[in-house]
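Data first, discussion second: the structure below is written as structure tokens.
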There are 4 protein chains.
Amino acid sequence: MAKKIKVGVLGATGMVGQRFIQLLEGHPWFEVSEVAASERSAGKNYIDALEGRWKQAAPVPKRIAGMTVKECKPGLDCSLVFGALDSSIAGPIEQDFAKADYAVSSNSKNHRMEADVPLLIPEINPGHIALIDAQKKNRGWKGFIVTNPNCTLMGPTMVMKALDDAFGVEKAFIVSMQAISGAGYPGVASWDIVDNVIPFISGEEEKVETEPLKILGKLRGNSVEFAPIKISASCNRVAVRDGHTCSVSVQLRKKASVEEAIKAMENFSGEPQKLKLPTAPERVIVVRGEQDRPQPIMDRDTGRGMSAVVGRVRECKLLDIKFSVLSHNTIRGAAGCAILNAELLKAKGYI
Amino acid sequence: MAKKIKVGVLGATGMVGQRFIQLLEGHPWFEVSEVAASERSAGKNYIDALEGRWKQAAPVPKRIAGMTVKECKPGLDCSLVFGALDSSIAGPIEQDFAKADYAVSSNSKNHRMEADVPLLIPEINPGHIALIDAQKKNRGWKGFIVTNPNCTLMGPTMVMKALDDAFGVEKAFIVSMQAISGAGYPGVASWDIVDNVIPFISGEEEKVETEPLKILGKLRGNSVEFAPIKISASCNRVAVRDGHTCSVSVQLRKKASVEEAIKAMENFSGEPQKLKLPTAPERVIVVRGEQDRPQPIMDRDTGRGMSAVVGRVRECKLLDIKFSVLSHNTIRGAAGCAILNAELLKAKGYI
Amino acid sequence: MAKKIKVGVLGATGMVGQRFIQLLEGHPWFEVSEVAASERSAGKNYIDALEGRWKQAAPVPKRIAGMTVKECKPGLDCSLVFGALDSSIAGPIEQDFAKADYAVSSNSKNHRMEADVPLLIPEINPGHIALIDAQKKNRGWKGFIVTNPNCTLMGPTMVMKALDDAFGVEKAFIVSMQAISGAGYPGVASWDIVDNVIPFISGEEEKVETEPLKILGKLRGNSVEFAPIKISASCNRVAVRDGHTCSVSVQLRKKASVEEAIKAMENFSGEPQKLKLPTAPERVIVVRGEQDRPQPIMDRDTGRGMSAVVGRVRECKLLDIKFSVLSHNTIRGAAGCAILNAELLKAKGYI
Amino acid sequence: MAKKIKVGVLGATGMVGQRFIQLLEGHPWFEVSEVAASERSAGKNYIDALEGRWKQAAPVPKRIAGMTVKECKPGLDCSLVFGALDSSIAGPIEQDFAKADYAVSSNSKNHRMEADVPLLIPEINPGHIALIDAQKKNRGWKGFIVTNPNCTLMGPTMVMKALDDAFGVEKAFIVSMQAISGAGYPGVASWDIVDNVIPFISGEEEKVETEPLKILGKLRGNSVEFAPIKISASCNRVAVRDGHTCSVSVQLRKKASVEEAIKAMENFSGEPQKLKLPTAPERVIVVRGEQDRPQPIMDRDTGRGMSAVVGRVRECKLLDIKFSVLSHNTIRGAAGCAILNAELLKAKGYI
């Protein structure tokens with residue numbers, strides 16, 4: 001077998017960074033050769049830099065535990081870096097890596113909405129990777145940045161894509177009930193969420209209302225024409241560990257029955273499935289027939305956390321079709337999508 | 001002071017029945033003289049009939065603890081009964097009491113949508129009590145039944161009324177995150193809700209989509225003309241003890257700014273406030289200015305559990321105004337509203 | 001490969017019954033050929049008999065979903081049955097199967113303390129299976145019953161065995177914090193456990209104080225001489241899905257340092273490990289060095305839910321050594337142990 | 001009525017500081033005249049200094065909201081300060097106030113175990129306030145410091161006192177299940193406690209094993225002779241908002257029946273009850289007869305959060321008597337006890 005591609009993880013000690021470490025363990029194409037984090041962590045062994053904050057049920061992979069943590073600066077021994085940095089610092093760091101000929105697959109929000117940066121969900125808009133050429137040219141970079149979207153819109157947007165292909169989507173209402181892992185660690189204080197709902201997540205609704213328009217948009221030359229869809233989002237935090245649930249209603253351009261909508265969802269498949277990318281779920285959207293699904297506890301690990309799980313597809317009194325959709329926020333909605341993006345880049349010859 | 005009116009509680013051992021007992025303790029107008037429950041409980045002391053299932057933090061009132069539980073049949077020593085029975089049996093029992101000259105203030109769903117039965121929220125449609133005359137005439141009853149609505153729509157409907165009076169309401173999207181107490185006791189299994197969201201509550205969405213139309217409707221002679229509002233509801237259960245939170249968007253007939261909408265909510269007041277009914281909250285709708293309210297833990301007991309608490313009033317990308325609203329589901333949304341209904345009946349001379 | 005042994009599951013639709021189904025899927029020696037449950041379920045497909053109450057994250061195995069549920073009566077096409085029945089009915093049913101030449105591996109409490117019935121934890125007292133001969137003789141049965149103990153004592157007893165072998169155990173204090181799955185489904189009402197602790201579990205303390213004495217006892221001819229250990233148990237329910245945590249203190253006959261105690265735990269291994277039984281964990285007791293482990297979320301699935309995980313081994317101000325121990329209550333503490341018992345029976349030629 | 005005593009709260013913006021503000025609102029003897037906090041907060045209005053982190057259900061008292069926050073330095077306009085500072089800074093600050101003629105009633109651990117500092121639970125050791133005279137003399141201070149103990153030992157120690165008076169207590173096992181509010185705010189991360197138990201709280205067991213020995217000790221001249229009791233504690237964190245539950249076993253010097261033990265607990269009363277101090281609960285220890293109490297949800301507010309609630313008093317297989325005890329950790333176990341201490345000081349003429 002061919003040699004694996006060396007990859008680094010930026011922000012490797014945080015919640016999403018840990019997910020990268022965990023999901024990349026045993027990856028058939030990629031091998032973690034570098035872990036990087038804050039200056040405070042640099043120089044320590046990864047296990048020590050964690051300071052007891054490894055928050056995954058599976059233990060720290062042995063090979064990684066003993067690695068020396070580096071600073072988040074070019075010079076890492078790898079050609080691809082996964083970005084799991086806090087948005088307060090991610091922007092310039094990711095740029096530095098791109099300038100220095102690294103491929104950057106980032107989970108941070110900083111560059112998502114820039115015109116020449118692909119905002120990718122490989123099942124939806126794989127063609128947007130063509131922006132990379134414009135990006136390199138525009139910026140004079142040797143490397144490049146691709147991004148994956150906000151975790152909350154992941155499930156709704158995959159379903160909207162399936163419906164958009166089949167019937168056209170005009171409008172969508174999205175109300176989220178989001179897991180605590182979405183806020184990182186330590187993130188949400190237990191005092192704020194035990195026996196409670198918090199009806200606000202800073203900056204979240206703006207992302208859910210705008211990022212899908214780029215993702216579902218059409219590539220026109222060197223830029224993306226945003227999709228003509230209007231979205232209204234309300235975001236809530238609930239006492240769930242992993243898995244964002246959304247109550248969604250959509251208005252279609254061409255009317256469709258509930259059965260037709262379900263069929264469009266179940267039949268939806270994309271480039272990652274065609275290319276059999278290692279992290280791609282067999283089924284992008286799983287539609288459950290039970291009246292009380294999806295549920296985080298039961299469904300969040302569907303497709304190893306990479307499928308969107310839909311239930312309660314029914315008519316809406318105001319728009320056309322409504323449903324509940326769940327997706328795993330730190331796998332499909334973060335590290336898993338960034339890895340799938342990198343797999344697409346590899347399959348398409350970008351790395 | 002005048003002698004208190006004797007009241008009975010039907011279904012006194014259940015979750016809502018216990019709330020009635022608790023809220024009626026020390027009531028200035030009403031005095032619990034009878035507690036009634038299933039055949040199995042009849043003949044026992046109330047405290048024994050509870051079989052250890054008193055689920056309120058405050059202890060069983062001493063006077064009530066020793067009362068003998070009766071069967072749910074006319075013959076009770078009282079003129080008013082509060083109905084907290086399961087809907088599987090409430091229908092005929094409440095009718096029997098109404099026939100036998102009792103005033104029935106029911107929290108059960110059975111008679112809510114019948115044309116000559118008032119479905120009351122005293123701040124919204126106090127005039128609907130006039131249906132009582134038609135009801136007695138139609139049915140040849142000496143007594144009568146009034147009902148309060150489903151707990152989930154309570155907050156949204158109070159706000160819709162305020163907005164409807166000021167600007168007219170055309171459409172509403174309502175997504176609920178409902179407390180476990182709404183399912184009674186034992187109700188929701190802990191296995192189903194710890195670390196979970198359940199995106200389904202049987203029969204709930206239908207109630208939320210239709211009952212407000214009657215409540216907000218206009219009395220025309222002997223019946224109610226339903227309000228011309230379209231509502232779409234999606235109901236979810238979350239791991240909260242008390243207090244239903246809803247994410248709501250509304251379309252107005254006359255455009256209004258966020259400030260105007262807030263003003264309409266804050267200024268909203270009704271008959272119970274004018275009449276200073278004992279259970280009426282001073283402020284029907286409390287609008288919080290913080291960006292992360294309302295929250296069940298912080299806000300559910302506002303106005304002794306009788307106020308609707310609103311926050312995050314803002315523009316909606318699809319309709320006009322959106323906001324979060326919380327109300328206490330077993331107080332304002334059940335026993336408290338039924339008691340307020342009875343207070344209105346008393347103030348208006350019906351009992 | 002040899003043909004698999006056909007097994008039946010009694011009480012297959014309940015919480016522990018579902019665990020049996022799940023754990024037996026793909027088992028190398030056993031194959032579920034029969035699922036049996038209450039009269040009400042009999043005759044239905046397993047999936048229908050579940051009535052939407054499948055409570056495992058993994059879906060119902062396809063082969064099992066379509067099986068016809070039988071009544072819990074001899075006549076099943078299998079030679080071994082696993083018992084997951086409620087103790088209110090398990091006693092005579094299990095006897096009927098044993099009389100009718102079935103091997104019964106039961107998780108129910110009914111026969112555990114009978115003198116000629118093995119109460120087995122295969123790592124601790126595999127020799128007690130010799131009681132089977134006495135049992136068959138005493139009762140004139142062709143088949144027999146073996147049992148596994150209560151879920152709560154599982155972790156503490158495995159650790160006590162390791163310490164008893166090395167130093168002798170005289171006394172033990174055990175305070176449990178037990179998961180909700182231990183009460184079955186629907187089991188603990190969410191109203192009783194969200195934001196709460198319940199300091200009582202019916203009958204539990206008696207089991208934790210007495211069953212270990214039999215398990216740790218010595219086989220003397222046809223009966224077990226109970227171990228001369230005094231145990232005091234206090235059992236609490238907490239808002240955890242799976243995994244019972246116990247704070248334990250033990251008094252040793254021969255003094256031991258903390259390091260020696262840890263070494264005894266880590267080195268402990270038993271017959272299932274020697275025989276490489278399919279369900280046996282590689283390590284019976286895993287000792288964690290972090291100061292804040294074991295934790296249900298992080299540790300309950302250690303050894304596929306079959307290991308006891310220990311942490312905070314330290315000196316006790318009153319007895320000698322204290323520690324925390326966690327084990328998965330529906331795997332190691334129920335279905336998993338019963339399967340391991342059956343594997344031991346097979347390895348020893350009893351089935 | 002006499003003028004109220006002006007009091008200040010040090011660390012007024014934190015979790016316990018907020019409890020002080022809340023409990024002192026409307027206090028008959030004390031009036032908050034100063035709120036002090038970190039340098040960062042100093043100069044701001046209290047409401048602004050909170051930065052949205054008011055974490056009590058009742059709103060910020062209006063009078064306090066507008067007060068200017070001061071630094072934690074002498075010069076405050078008051079004669080008594082309540083200490084709610086983090087232990088990393090509380091030590092020297094409290095000393096500065098004591099030197100400067102303030103009475104300091106502190107909830108911090110720093111000075112608790114110093115020989116001339118009273119560690120007070122007014123129902124138990126009111127006489128220990130005599131140490132104040134030695135303290136002032138030893139240290140040449142005009143003012144003085146009194147302290148209240150760690151929150152976890154509060155319930156068990158009040159019960160031990162009742163039993164010690166009646167029968168003598170020799171040994172105690174204490175296993176705690178502690179609320180998240182005990183860790184302050186933000187304190188315990190939700191990711192660490194939803195669906196989890198943490199079997200470790202830094203420094204807690206040492207406090208629970210030693211502080212009661214001083215509290216239950218005898219004043220001999222200018223120092224306290226520690227009580228000859230051996231305590232072993234194991235401390236756990238659970239997903240409960242407020243209220244620490246402990247499973248406790250005690251060995252008595254003189255044997256007592258369960259009934260006698262209950263009688264001793266129920267009859268226990270102290271100086272605060274005799275003096276009718278405003279914050280004193282009517283009953284120090286409330287013994288519940290139900291088999292499944294105390295429970296945080298049901299019992300933590302007993303005696304306005306100042307009573308210890310006991311249940312399941314029964315024989316212990318190892319020691320003599322075992323029971324469960326609950327007390328409210330931020331009221332009885334923190335701010336409430338510090339206020340009660342101050343009331344005792346006032347009643348005894350120390351302020």
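By convention in this document, the chains of the structure tokens carry letters A, B, ... by their order, each chain's residues are numbered from 1, and ligands are numbered from 1 in the order they are shown.
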
For a quick test of understanding: name the residues of chain A lying within 7 Å of chain B when counting only C-alpha atoms, and present them as a ChimeraX atom specification. /A:175,195-200,230-232,234,239-241,247,291-293,295-297,316-318,324

Write to file, as a compact mmCIF listing (two decimals), in the first residue's frame, the residues of the selection just made, with N, CA, C and O atoms.
# COMPACT_ATOMS: atom_id res chain seq x y z
N VAL A 175 -35.25 25.42 13.61
CA VAL A 175 -35.10 25.65 15.05
C VAL A 175 -34.25 24.52 15.60
O VAL A 175 -34.58 23.34 15.45
N ASP A 195 -31.49 20.83 33.86
CA ASP A 195 -32.89 21.27 34.06
C ASP A 195 -33.17 22.59 33.33
O ASP A 195 -33.93 23.41 33.81
N ASN A 196 -32.53 22.80 32.19
CA ASN A 196 -32.68 24.10 31.54
C ASN A 196 -32.58 24.00 30.02
O ASN A 196 -32.14 22.99 29.47
N VAL A 197 -33.02 25.06 29.36
CA VAL A 197 -32.81 25.30 27.93
C VAL A 197 -32.25 26.72 27.83
O VAL A 197 -32.74 27.61 28.53
N ILE A 198 -31.24 26.93 27.01
CA ILE A 198 -30.75 28.29 26.76
C ILE A 198 -31.13 28.66 25.33
O ILE A 198 -30.66 28.02 24.39
N PRO A 199 -31.96 29.69 25.17
CA PRO A 199 -32.48 29.99 23.84
C PRO A 199 -31.56 30.90 23.04
O PRO A 199 -32.04 31.76 22.30
N PHE A 200 -30.27 30.75 23.19
CA PHE A 200 -29.35 31.65 22.51
C PHE A 200 -27.97 31.01 22.42
O PHE A 200 -27.46 30.46 23.39
N LYS A 230 -34.42 31.57 1.36
CA LYS A 230 -34.50 32.38 2.57
C LYS A 230 -34.61 31.45 3.77
O LYS A 230 -35.48 30.58 3.81
N ILE A 231 -33.75 31.68 4.73
CA ILE A 231 -33.72 30.80 5.91
C ILE A 231 -33.90 31.64 7.17
O ILE A 231 -33.29 32.71 7.30
N SER A 232 -34.74 31.15 8.07
CA SER A 232 -34.86 31.76 9.39
C SER A 232 -34.47 30.72 10.43
O SER A 232 -35.02 29.62 10.44
N SER A 234 -33.54 29.72 14.59
CA SER A 234 -33.56 30.01 16.02
C SER A 234 -32.79 28.89 16.70
O SER A 234 -33.12 27.71 16.51
N ALA A 239 -29.72 19.99 27.20
CA ALA A 239 -28.84 19.11 27.98
C ALA A 239 -28.60 17.77 27.29
O ALA A 239 -28.95 16.71 27.81
N VAL A 240 -27.99 17.83 26.12
CA VAL A 240 -27.64 16.64 25.35
C VAL A 240 -26.13 16.68 25.15
O VAL A 240 -25.58 17.76 24.93
N ARG A 241 -25.46 15.56 25.25
CA ARG A 241 -24.00 15.55 25.11
C ARG A 241 -23.56 15.78 23.65
O ARG A 241 -22.81 16.68 23.38
N SER A 247 -35.81 21.07 14.25
CA SER A 247 -37.16 21.03 13.69
C SER A 247 -37.14 21.95 12.48
O SER A 247 -36.85 23.14 12.62
N GLN A 291 -42.44 7.13 14.80
CA GLN A 291 -43.01 8.46 14.99
C GLN A 291 -42.19 9.34 15.93
O GLN A 291 -42.43 10.54 16.00
N ASP A 292 -41.24 8.75 16.64
CA ASP A 292 -40.53 9.54 17.66
C ASP A 292 -39.02 9.60 17.43
O ASP A 292 -38.25 9.75 18.37
N ARG A 293 -38.61 9.52 16.20
CA ARG A 293 -37.19 9.61 15.86
C ARG A 293 -36.99 10.79 14.93
O ARG A 293 -37.94 11.24 14.31
N GLN A 295 -33.59 10.62 17.54
CA GLN A 295 -33.24 11.01 18.91
C GLN A 295 -31.71 10.93 19.04
O GLN A 295 -31.11 9.97 18.58
N PRO A 296 -31.13 11.92 19.72
CA PRO A 296 -29.67 11.91 19.87
C PRO A 296 -29.12 10.58 20.39
O PRO A 296 -28.17 10.01 19.81
N ILE A 297 -29.70 10.08 21.46
CA ILE A 297 -29.20 8.85 22.07
C ILE A 297 -29.21 7.66 21.11
O ILE A 297 -28.31 6.83 21.10
N CYS A 316 -46.58 20.58 6.33
CA CYS A 316 -46.53 21.75 7.20
C CYS A 316 -47.72 22.64 6.90
O CYS A 316 -48.06 22.85 5.73
N LYS A 317 -48.34 23.18 7.92
CA LYS A 317 -49.51 24.04 7.74
C LYS A 317 -49.13 25.38 7.09
O LYS A 317 -49.99 26.08 6.58
N LEU A 318 -47.86 25.76 7.18
CA LEU A 318 -47.45 27.07 6.63
C LEU A 318 -46.63 26.93 5.36
O LEU A 318 -46.90 27.59 4.38
N SER A 324 -37.90 16.43 11.36
CA SER A 324 -36.82 16.60 12.33
C SER A 324 -35.56 15.99 11.74
O SER A 324 -35.64 14.95 11.08

Residues of range 26-146 of chain A classed as strand (DSSP E) by DSSP on the backbone are to be reported as an MDAnalysis selection string. chainID A and resid 30:37 69:71 80:83 103:106 144:146

I want to know what sits within 6 Å of range 332-340 of chain A, based on only C-alpha atoms, with residues of the same chain fewer than 5 positions away left out; could you give that as a ChimeraX atom specification? /A:20,105,107,148,151,154,279,305-306

Within 8 Å of Val287 in chain D using only C-alpha atoms, minus same-chain residues under 4 positions, as a list of chain:residue names: D:Ile262, D:Met265, D:Glu266, D:Val309, D:Val310, D:Gly311

Restrict the selected residues to all heavy atoms and save them as an mmCIF file, in the first residue's frame.
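Below is the file out.cif, written as the result:
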data_model
loop_
_atom_site.group_PDB
_atom_site.id
_atom_site.type_symbol
_atom_site.label_atom_id
_atom_site.label_comp_id
_atom_site.auth_asym_id
_atom_site.auth_seq_id
_atom_site.Cartn_x
_atom_site.Cartn_y
_atom_site.Cartn_z
ATOM 1 N N ILE D 262 -33.350 8.310 66.024
ATOM 2 C CA ILE D 262 -34.276 9.253 65.375
ATOM 3 C C ILE D 262 -34.738 10.299 66.380
ATOM 4 O O ILE D 262 -34.793 11.502 66.083
ATOM 5 C CB ILE D 262 -35.498 8.494 64.790
ATOM 6 C CG1 ILE D 262 -35.047 7.665 63.583
ATOM 7 C CG2 ILE D 262 -36.618 9.453 64.416
ATOM 8 C CD1 ILE D 262 -36.128 6.763 63.009
ATOM 9 N N MET D 265 -32.163 12.897 66.978
ATOM 10 C CA MET D 265 -32.062 13.832 65.852
ATOM 11 C C MET D 265 -33.222 14.830 65.871
ATOM 12 O O MET D 265 -33.030 16.038 65.719
ATOM 13 C CB MET D 265 -32.096 13.076 64.521
ATOM 14 C CG MET D 265 -30.898 12.156 64.276
ATOM 15 S SD MET D 265 -31.110 11.266 62.692
ATOM 16 C CE MET D 265 -29.990 9.883 62.947
ATOM 17 N N GLU D 266 -34.422 14.308 66.048
ATOM 18 C CA GLU D 266 -35.594 15.184 65.981
ATOM 19 C C GLU D 266 -35.628 16.183 67.128
ATOM 20 O O GLU D 266 -36.129 17.295 66.986
ATOM 21 C CB GLU D 266 -36.871 14.340 65.980
ATOM 22 C CG GLU D 266 -37.041 13.599 64.669
ATOM 23 C CD GLU D 266 -38.398 12.926 64.544
ATOM 24 O OE1 GLU D 266 -38.878 12.389 65.567
ATOM 25 O OE2 GLU D 266 -38.952 12.929 63.431
ATOM 26 N N VAL D 309 -31.935 17.459 56.379
ATOM 27 C CA VAL D 309 -33.048 16.524 56.233
ATOM 28 C C VAL D 309 -32.477 15.107 56.185
ATOM 29 O O VAL D 309 -31.595 14.811 55.381
ATOM 30 C CB VAL D 309 -33.884 16.822 54.976
ATOM 31 C CG1 VAL D 309 -35.086 15.882 54.901
ATOM 32 C CG2 VAL D 309 -34.340 18.284 54.994
ATOM 33 N N VAL D 310 -32.994 14.281 57.077
ATOM 34 C CA VAL D 310 -32.465 12.925 57.255
ATOM 35 C C VAL D 310 -33.532 11.910 56.883
ATOM 36 O O VAL D 310 -34.729 12.154 57.067
ATOM 37 C CB VAL D 310 -32.039 12.709 58.725
ATOM 38 C CG1 VAL D 310 -31.722 11.239 59.005
ATOM 39 C CG2 VAL D 310 -30.831 13.578 59.059
ATOM 40 N N GLY D 311 -33.120 10.790 56.349
ATOM 41 C CA GLY D 311 -34.048 9.709 56.068
ATOM 42 C C GLY D 311 -33.338 8.376 56.137
ATOM 43 O O GLY D 311 -32.118 8.308 56.281
#

Distance in Å - CA of Glu123 in chain C versus CA of Val284 in chain C: 7.7 Å

Within 10 Å of range 58-69 of chain B using only C-alpha atoms, minus same-chain residues under 4 positions, as an MDAnalysis selection string: (chainID B and resid 9:13 18 21:22 25:26 32:50 54) or (chainID D and resid 298:299 301:302)
